[in-house]
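Student: Before anything else, here's the structure in question.
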Amino acid sequence: MKKKNIKTELLLLLLIALLTSCSKYSRDVLTSLEQAGDNRKELEYVLEYYQKGDKEKYKAVCYLISNMKYHGNTTSLQIDTAHLSYFTKIDSIFYELFGDMSAKEALSFKSTQYDSLRNELANQYSHLPRLIRNSVFQSDLTNVDANFLIDNIESAFHVWKTSPYAKGIDYEVFLETILPYRTTDEPILYKRSELTKMFGPKVLSDDVEDVYSCIEKYMVYVDRCRWLNHFTIPTEHVGVYDLLLRKFKNDCHNISSWTTNLFRAWGIPTVYEYTVKWQDRDKSHFWCASPDSTGFFLPYTPPDNNIKEDWASDLKYAGKVYRKTFGANANTPYFLKANSEYTPEELSSPLLSDQTCRYHQSVTLRLPFTASTGNQLAYLCFFSNNENGLTPVGWGKIDSKKQEIIYEQVPVNVLFFPAYYEGDDMMPFGAPFIIHSNDSISDADMGTFYQKDKSKTPDISIIHGKIHFNNHTEAGYRLKYMAIKSEVNNKQNMILLRKYPGKRSLKASQSKLQGALILGSNQESKGFDTLYVVNQVPDPYLQEIKLQNNKKYRFYKWVSKEPLNLAHVEFLGPITNSHERKKPTALPIFSKTQAEEKTLDIHKYVGTPLKTGRSPEHAFDDNMETYVGSTQVGMDFGKAIQITEVRFAPRNANNGIVPGDLYTLWYYDGKWIFHSEIIAEKNYLEFEDVPANTIYWLKNLSHGREELPFYYKDAKQYFINTDKYLIFN
């Protein structure tokens, strides 16, 4: 019976092969046509339209149709004439106001004389009808017609041959960076020829000779249209016009998708790239990349940044980086997995191209693997604040004969947790590890260091805990394998001050407080005396400034050239019965040895926040998670009062220890293990008898989600992937 089944299967395979060989289409195209249903005739029409003509165009048609089976959208949308009329008006106003300005002049324009116009635009937008949308999934195979495809192909080939931005782009690159009619899951709303005209006249012109200049003009157009829509509150997505509205439901995924579509329509080779998770944040991020003058694709987050502008501040902290392709990639879990093998959602798409080696110094890593499993794949994970405490960010192929996993493009100096799946249950194995590199790569090296030739990537195996080089001598690669193994029997006590490190963006805003002035006056808008100059960068928590002030003033305020970003301000002085007073907010206590303050002779006084910028009351609402972003913030006390101290906190994420909040401590030993639970009494936590030399996870169960594991050495926390100090020899 078994032999008969084998013969039957072989005959079926032979029959399929014969049918395919007799067909005028490839197997991939035939598969798509079979899945197209009633729309098959539309796709066949396009194939026949190009079959006897231009070979490159016919190959492009086959490429699109072969891969359409992997594409679709979950939401369809119809943009009505009222919305089109509104955005046409926005476009006209932009031209009238900013058409003759340089990019610098337009971006710095902040006049309030047009507030009435902007308010009227917001009013008009609020009365537009709701758009018609359908939230049922639609496959491109059943939804894209012949006219749409032909328009896309003709327009794409035209800009490829004529655009100054596509010079030097070969055919294979063209297929992925200009030809595709969609980027991700956005609704199909416009033909390529229609997208070419959208915003294009405001961005493309004879004086824009390179991609950088074109992106700059695009940034100006989007930014100023958003400025016109400053008071407009969007309640739903409106396709490509999302770009011109305030960021509400709009996100970096949506922005990058539509930007990629527009740029490709204009002849700018563009790709959509993303990281599943930041190295230090429990979030993903999406951006674009376009070629520099050498043809090397460099990243930017539209519409706020040009090529490489947000590299140092953000993108260099991405984890594993992927490109969303139009064509399917055989080297993805979608195709590599065993028949019944579970694939995590983050890495389940067939449209992934690993681009990590363009963003990080990377290695090919062969890790020992002895577990018994029928799976073909295992994963590398980042810490994540979820049920498992882990999120898969990269995959590797299991070689059961050699008892190893081959992971490609593994960035160095980043902590990974190896894992595989049994069913849909994650099974961590081995120890968390870092491939540590002593090579120092500066931000300026971007585009020159990154590994354009993957064959030069170091291929290393971990043998008995040591690195063995497979394709390079050790000379020139100062790499070290560092595994984290908990010492359960070796206990230590810990004093903890934070659950998450200080954020880069907040550190930048805190530094801008240096140079700020504290002023006093008896007139609201003039006659101010300088009472204090902030001469250093303040700490990210509540602190006190003592003023050398013997006078009484009615008005006190902070003033700076930069946005103040103050989360909390209170004015203190000696006792007086002429003003409402309260008990001051207690200054933080970070250790047992720190004495508690005595505030019997000092009081917090309450007044009316000065009307300086948006929401000035946020500086005085006793909420550390709100803040004032204007360049001035102050208080009107009604009548003169002597203020001798000012307590304040710069904008911060409130990730220190908050008295009264409930915390739990976990440590890693093959999985996250609960240690103990504490309610904070002061601004520190003390834990006893904690296993040593592993990584730890402090959770705040009362509020907040931002958490990151840390090492603990010499009575200090060092957060993973952010603090450079390593505790290993």
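Quick note on naming: the chains in the structure tokens go A, B, ... in the order shown, residues restart at 1 in each chain, and ligands are numbered from 1 in order of appearance.
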I'd like the neighbourhood of segment 36-53 of chain A as a list in words, where a residue qualifies if any of its atoms comes within 8 Å (using only C-alpha atoms), though same-chain residues fewer than 4 positions away should be ignored.
Tutor: Ser32, Lys57, Tyr58, Val61, Cys62, Ile65, Leu141, Thr142, Asn143, Val144, Asp145, Ala146, Leu149 and Ile150 of chain A
Student: So that I can check the surroundings of His618 of chain A, please list as a PDB file with N, CA, C and O atoms, in the first residue's frame every protein, DNA and RNA residue that reaches within 9 Å of it, counting only C-alpha atoms and ignoring chain neighbours fewer than 5 positions away.
Tutor:
```pdb
ATOM      1  N   LEU A 566       9.301  71.713  31.545  1.00  0.00           N
ATOM      2  CA  LEU A 566       9.235  71.550  33.002  1.00  0.00           C
ATOM      3  C   LEU A 566       8.016  70.705  33.375  1.00  0.00           C
ATOM      4  O   LEU A 566       6.891  70.988  32.961  1.00  0.00           O
ATOM      5  N   ALA A 567       8.260  69.669  34.170  1.00  0.00           N
ATOM      6  CA  ALA A 567       7.172  68.796  34.612  1.00  0.00           C
ATOM      7  C   ALA A 567       6.546  69.285  35.910  1.00  0.00           C
ATOM      8  O   ALA A 567       5.371  69.028  36.173  1.00  0.00           O
ATOM      9  N   HIS A 568       7.321  69.981  36.730  1.00  0.00           N
ATOM     10  CA  HIS A 568       6.812  70.373  38.042  1.00  0.00           C
ATOM     11  C   HIS A 568       7.552  71.622  38.516  1.00  0.00           C
ATOM     12  O   HIS A 568       8.782  71.704  38.427  1.00  0.00           O
ATOM     13  N   ASN A 623       1.626  66.539  38.819  1.00  0.00           N
ATOM     14  CA  ASN A 623       1.704  65.309  38.024  1.00  0.00           C
ATOM     15  C   ASN A 623       3.019  65.310  37.262  1.00  0.00           C
ATOM     16  O   ASN A 623       3.213  66.113  36.356  1.00  0.00           O
ATOM     17  N   THR A 626       3.003  65.121  33.228  1.00  0.00           N
ATOM     18  CA  THR A 626       2.621  66.213  32.340  1.00  0.00           C
ATOM     19  C   THR A 626       3.736  67.261  32.388  1.00  0.00           C
ATOM     20  O   THR A 626       4.548  67.281  33.306  1.00  0.00           O
ATOM     21  N   TYR A 627       3.772  68.138  31.401  1.00  0.00           N
ATOM     22  CA  TYR A 627       4.853  69.126  31.363  1.00  0.00           C
ATOM     23  C   TYR A 627       4.441  70.328  30.524  1.00  0.00           C
ATOM     24  O   TYR A 627       3.471  70.278  29.763  1.00  0.00           O
ATOM     25  N   VAL A 628       5.199  71.399  30.675  1.00  0.00           N
ATOM     26  CA  VAL A 628       5.009  72.619  29.888  1.00  0.00           C
ATOM     27  C   VAL A 628       6.176  72.751  28.919  1.00  0.00           C
ATOM     28  O   VAL A 628       7.339  72.705  29.327  1.00  0.00           O
TER      29      VAL A 628
END
```
Student: So which bits of segment 281-410 of chain A end up alpha helix (DSSP H) when you DSSP the backbone, as an NGL selection string?
Tutor: :A and (333-336)
Student: Just give me the gap between atom CA of Pro659 of chain A and atom CA of Ala595 of chain A in Å, one decimal is fine.
Tutor: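 Separation of atom CA of Pro659 of chain A and atom CA of Ala595 of chain A: 16.1 Å.
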Student: Can you tell me which residues surround segment 371-385 of chain A at a distance of at most 8 Å, considering only C-alpha atoms, apart from same-chain residues fewer than 6 positions away, and format the answer as a PyMOL selection string?
Tutor: chain A and resi 277+279+282+333+336-338+341+391-399+405+415-422+705-709
Student: Can I get the selected residues back with N, CA, C and O atoms, as a CSV table (one decimal), in the first residue's frame?
Tutor:
```
chain,number,residue,atom,x,y,z
A,277,LYS,N,11.8,45.8,17.2
A,277,LYS,CA,11.9,46.3,18.5
A,277,LYS,C,13.2,47.1,18.7
A,277,LYS,O,14.2,46.6,18.2
A,279,GLN,N,16.5,48.4,20.7
A,279,GLN,CA,17.3,47.8,21.7
A,279,GLN,C,16.9,48.1,23.1
A,279,GLN,O,17.1,47.3,24.0
A,282,ASP,N,10.3,49.1,24.2
A,282,ASP,CA,9.3,48.0,23.8
A,282,ASP,C,8.4,48.4,22.7
A,282,ASP,O,7.2,48.3,22.8
A,333,PRO,N,11.2,32.8,7.6
A,333,PRO,CA,10.4,31.7,8.3
A,333,PRO,C,9.2,31.2,7.6
A,333,PRO,O,8.9,30.0,7.7
A,336,LEU,N,10.9,28.7,5.3
A,336,LEU,CA,11.9,27.8,6.0
A,336,LEU,C,11.4,26.8,7.0
A,336,LEU,O,12.0,25.8,7.3
A,337,LYS,N,10.3,27.2,7.6
A,337,LYS,CA,9.7,26.4,8.7
A,337,LYS,C,9.2,25.0,8.2
A,337,LYS,O,9.0,24.8,7.1
A,338,ALA,N,9.1,24.1,9.2
A,338,ALA,CA,8.5,22.8,8.9
A,338,ALA,C,7.0,23.0,8.7
A,338,ALA,O,6.5,24.0,9.1
A,341,GLU,N,5.1,23.8,11.9
A,341,GLU,CA,5.9,24.6,12.8
A,341,GLU,C,5.3,26.0,13.0
A,341,GLU,O,4.9,26.7,12.1
A,391,THR,N,10.5,38.9,23.1
A,391,THR,CA,9.9,39.1,21.8
A,391,THR,C,10.9,38.6,20.8
A,391,THR,O,12.1,39.1,20.7
A,392,PRO,N,10.6,37.7,19.9
A,392,PRO,CA,11.5,37.3,18.8
A,392,PRO,C,11.8,38.4,17.8
A,392,PRO,O,10.9,39.1,17.4
A,393,VAL,N,13.1,38.6,17.5
A,393,VAL,CA,13.4,39.7,16.6
A,393,VAL,C,14.3,39.1,15.4
A,393,VAL,O,14.5,39.9,14.5
A,394,GLY,N,14.7,37.9,15.5
A,394,GLY,CA,15.5,37.3,14.4
A,394,GLY,C,15.4,35.8,14.4
A,394,GLY,O,15.1,35.2,15.5
A,395,TRP,N,15.6,35.2,13.3
A,395,TRP,CA,15.5,33.7,13.2
A,395,TRP,C,16.9,33.1,12.8
A,395,TRP,O,17.7,33.7,12.2
A,396,GLY,N,17.0,31.8,13.1
A,396,GLY,CA,18.1,31.0,12.7
A,396,GLY,C,17.7,29.7,12.2
A,396,GLY,O,16.7,29.1,12.6
A,397,LYS,N,18.5,29.0,11.3
A,397,LYS,CA,18.2,27.7,10.8
A,397,LYS,C,18.9,26.6,11.7
A,397,LYS,O,20.0,26.7,12.0
A,398,ILE,N,18.1,25.6,12.1
A,398,ILE,CA,18.6,24.5,12.9
A,398,ILE,C,19.3,23.5,12.0
A,398,ILE,O,18.6,23.0,11.0
A,399,ASP,N,20.5,23.2,12.3
A,399,ASP,CA,21.2,22.1,11.6
A,399,ASP,C,21.3,21.0,12.6
A,399,ASP,O,22.2,20.9,13.5
A,405,ILE,N,22.6,26.1,15.5
A,405,ILE,CA,21.7,27.0,14.8
A,405,ILE,C,22.6,28.1,14.2
A,405,ILE,O,23.5,28.6,14.8
A,415,LEU,N,22.3,42.4,23.8
A,415,LEU,CA,21.9,41.2,24.6
A,415,LEU,C,20.8,40.5,23.9
A,415,LEU,O,19.7,41.1,23.6
A,416,PHE,N,21.0,39.2,23.7
A,416,PHE,CA,20.0,38.3,23.0
A,416,PHE,C,19.6,37.1,23.9
A,416,PHE,O,20.5,36.6,24.7
A,417,PHE,N,18.4,36.7,23.8
A,417,PHE,CA,17.9,35.5,24.5
A,417,PHE,C,17.6,34.5,23.4
A,417,PHE,O,16.7,34.7,22.6
A,418,PRO,N,18.3,33.3,23.4
A,418,PRO,CA,17.9,32.3,22.4
A,418,PRO,C,16.7,31.5,22.8
A,418,PRO,O,16.5,31.3,24.0
A,419,ALA,N,15.8,31.2,21.8
A,419,ALA,CA,14.6,30.4,22.1
A,419,ALA,C,14.1,29.7,20.9
A,419,ALA,O,14.5,30.0,19.7
A,420,TYR,N,13.3,28.7,21.1
A,420,TYR,CA,12.6,28.0,20.0
A,420,TYR,C,11.2,27.8,20.5
A,420,TYR,O,10.8,28.1,21.6
A,421,TYR,N,10.4,27.2,19.6
A,421,TYR,CA,9.0,26.9,20.0
A,421,TYR,C,8.6,25.5,20.0
A,421,TYR,O,9.1,24.7,19.2
A,422,GLU,N,7.8,25.1,21.0
A,422,GLU,CA,7.1,23.8,21.0
A,422,GLU,C,5.6,24.2,20.9
A,422,GLU,O,5.0,24.7,21.8
A,705,ARG,N,4.6,51.5,32.0
A,705,ARG,CA,4.9,50.3,31.3
A,705,ARG,C,6.4,50.2,31.0
A,705,ARG,O,6.9,49.1,30.6
A,706,GLU,N,7.1,51.3,31.0
A,706,GLU,CA,8.5,51.3,30.6
A,706,GLU,C,9.4,50.6,31.6
A,706,GLU,O,9.5,51.1,32.7
A,707,GLU,N,10.0,49.5,31.2
A,707,GLU,CA,10.9,48.7,32.1
A,707,GLU,C,12.0,48.1,31.2
A,707,GLU,O,11.7,47.8,30.1
A,708,LEU,N,13.2,47.9,31.8
A,708,LEU,CA,14.3,47.4,31.1
A,708,LEU,C,15.2,46.6,32.1
A,708,LEU,O,15.4,47.1,33.1
A,709,PRO,N,15.6,45.4,31.7
A,709,PRO,CA,16.5,44.7,32.6
A,709,PRO,C,17.8,45.4,32.8
A,709,PRO,O,18.2,46.2,32.0
```
Student: Which segment 452-510 of chain A residues have any atom within 8 Å of an atom of segment 710-725 of chain A, and for each, what is the nearest pair of atoms with distance in Å to one decimal, counting only C-alpha atoms, rows sorted by chain and number, as a tab-separated table?
Tutor:
```
residue	atom	partner	partner_atom	distance
A:Met494	CA	A:Ala715	CA	6.7
A:Ile495	CA	A:Ala715	CA	6.8
A:Leu496	CA	A:Gln717	CA	7.1
A:Tyr500	CA	A:Phe719	CA	7.5
A:Pro501	CA	A:Phe719	CA	6.5
```
Student: Do you know which residues are at most 8 Å from Phe590 of chain A counting only C-alpha atoms, after dropping those on the same chain fewer than 2 positions away, and could you put them as an MDAnalysis selection string?
Tutor: chainID A and resid 497 588 592 594 682:684
Student: Could you check the closest approach to Leu179 of chain A for each of A:Pro609, A:Pro164, A:Gly267, A:Gly239 and tell me which residue wins, using only C-alpha atoms?
Tutor: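 Once distances to Leu179 of chain A are computed over only C-alpha atoms, the minimum belongs to A:Gly267.
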Student: If you count only C-alpha atoms, which residues fall within 9 Å of Tyr605 of chain A, apart from same-chain ones fewer than 2 positions away, as a list in words?
Tutor: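 Answer for this query is Glu570, Phe571, Leu572, Gly573, His579, Glu580, Arg581, Lys582, Lys583, Pro584, His603, Gly607, Phe637 and Ile643 of chain A.
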Student: Leaving out segment 78-84 of chain A and any residue of its chain fewer than 3 positions from it, which residues lie within 8 Å of it when counting only C-alpha atoms, given as a count of residues only?
Tutor: 10
Student: Residues near segment 134-140 of chain A, anyone? I mean within 7 Å using only C-alpha atoms, not counting same-chain ones fewer than 3 positions away, as a list of chain:residue names.
Tutor: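 Everything that qualifies: A:Met68, A:Lys69, A:His71, A:Gly72, A:Asn73, A:Thr74, A:Thr75, A:Ser76, A:Leu77, A:Asn143, A:Val144.
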Student: List every residue of segment 164-289 of chain A that DSSP, applied to the backbone of this structure, assigns to strand (DSSP E or B), and report them as a list in words.
Tutor: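 Assigned to strand (DSSP E or B), within segment 164-289 of chain A: Val271, Tyr272, Glu273, Tyr274, Thr275, Trp278, His285, Phe286, Trp287, Cys288 and Ala289 of chain A.
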Student: Generate a file of the selected residues that holds C-alpha atoms, formatted as a PDB file, in the first residue's frame.
Tutor:
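Writing done, so here's selection-v3.pdb:
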```pdb
ATOM      1  CA  VAL A 271      12.249  51.306   0.381  1.00  0.00           C
ATOM      2  CA  TYR A 272      10.350  50.837   3.638  1.00  0.00           C
ATOM      3  CA  GLU A 273      12.438  49.514   6.521  1.00  0.00           C
ATOM      4  CA  TYR A 274      11.749  48.879  10.176  1.00  0.00           C
ATOM      5  CA  THR A 275      12.870  47.347  13.429  1.00  0.00           C
ATOM      6  CA  TRP A 278      14.361  48.953  19.651  1.00  0.00           C
ATOM      7  CA  HIS A 285       9.656  51.815  14.351  1.00  0.00           C
ATOM      8  CA  PHE A 286       9.262  52.314  10.590  1.00  0.00           C
ATOM      9  CA  TRP A 287      11.147  54.573   8.187  1.00  0.00           C
ATOM     10  CA  CYS A 288      12.325  54.978   4.583  1.00  0.00           C
ATOM     11  CA  ALA A 289      15.657  54.626   2.821  1.00  0.00           C
TER      12      ALA A 289
END
```
Student: Would you mind telling me which residue in A:Ser257, A:Ser116, A:Ser340, A:Asn577 lies nearest to Pro187 of chain A when using only C-alpha atoms?
Tutor: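 Among the listed residues, A:Ser257 lies closest to Pro187 of chain A.
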Student: Take atom CA of Gln403 of chain A and atom CA of Val363 of chain A and report the distance between them in Å, one decimal.
Tutor: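 Going from atom CA of Gln403 of chain A over to atom CA of Val363 of chain A covers 19.1 Å.
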Student: Point out the residue among A:Tyr125, A:Tyr171, A:Phe429, A:Phe555 with the least atom-to-atom distance to Leu367 of chain A, counting only C-alpha atoms.
Tutor: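 Looking at the shortest contact to Leu367 of chain A, the residue is A:Phe429.
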Student: One decimal, in Å: what's the spacing between atom CA of Asp251 of chain A and atom CA of Ile233 of chain A?
Tutor: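 Atom CA of Asp251 of chain A sits 14.9 Å away from atom CA of Ile233 of chain A.
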Student: For Val321 of chain A, which of A:Tyr667, A:Tyr359, A:Phe528, A:Trp160 is the closest residue, counting only C-alpha atoms?
Tutor: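 Checking each of A:Tyr667, A:Tyr359, A:Phe528, A:Trp160 against Val321 of chain A, counting only C-alpha atoms, the winner is A:Tyr359.
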Student: Choose the residue, out of A:Asn152, A:Thr608, A:Thr259, A:Asn565, that has the smallest atom-to-atom separation from Gln510 of chain A; count only C-alpha atoms.
Tutor: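 Using only C-alpha atoms, the shortest distance to Gln510 of chain A belongs to A:Asn565.
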Student: Tell me which of A:Asn329, A:Asn489, A:Asn700, A:Ser437 sits closest to Val658 of chain A, counting only C-alpha atoms.
Tutor: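 Answer, going by the shortest atom-to-atom distance: A:Asn700.
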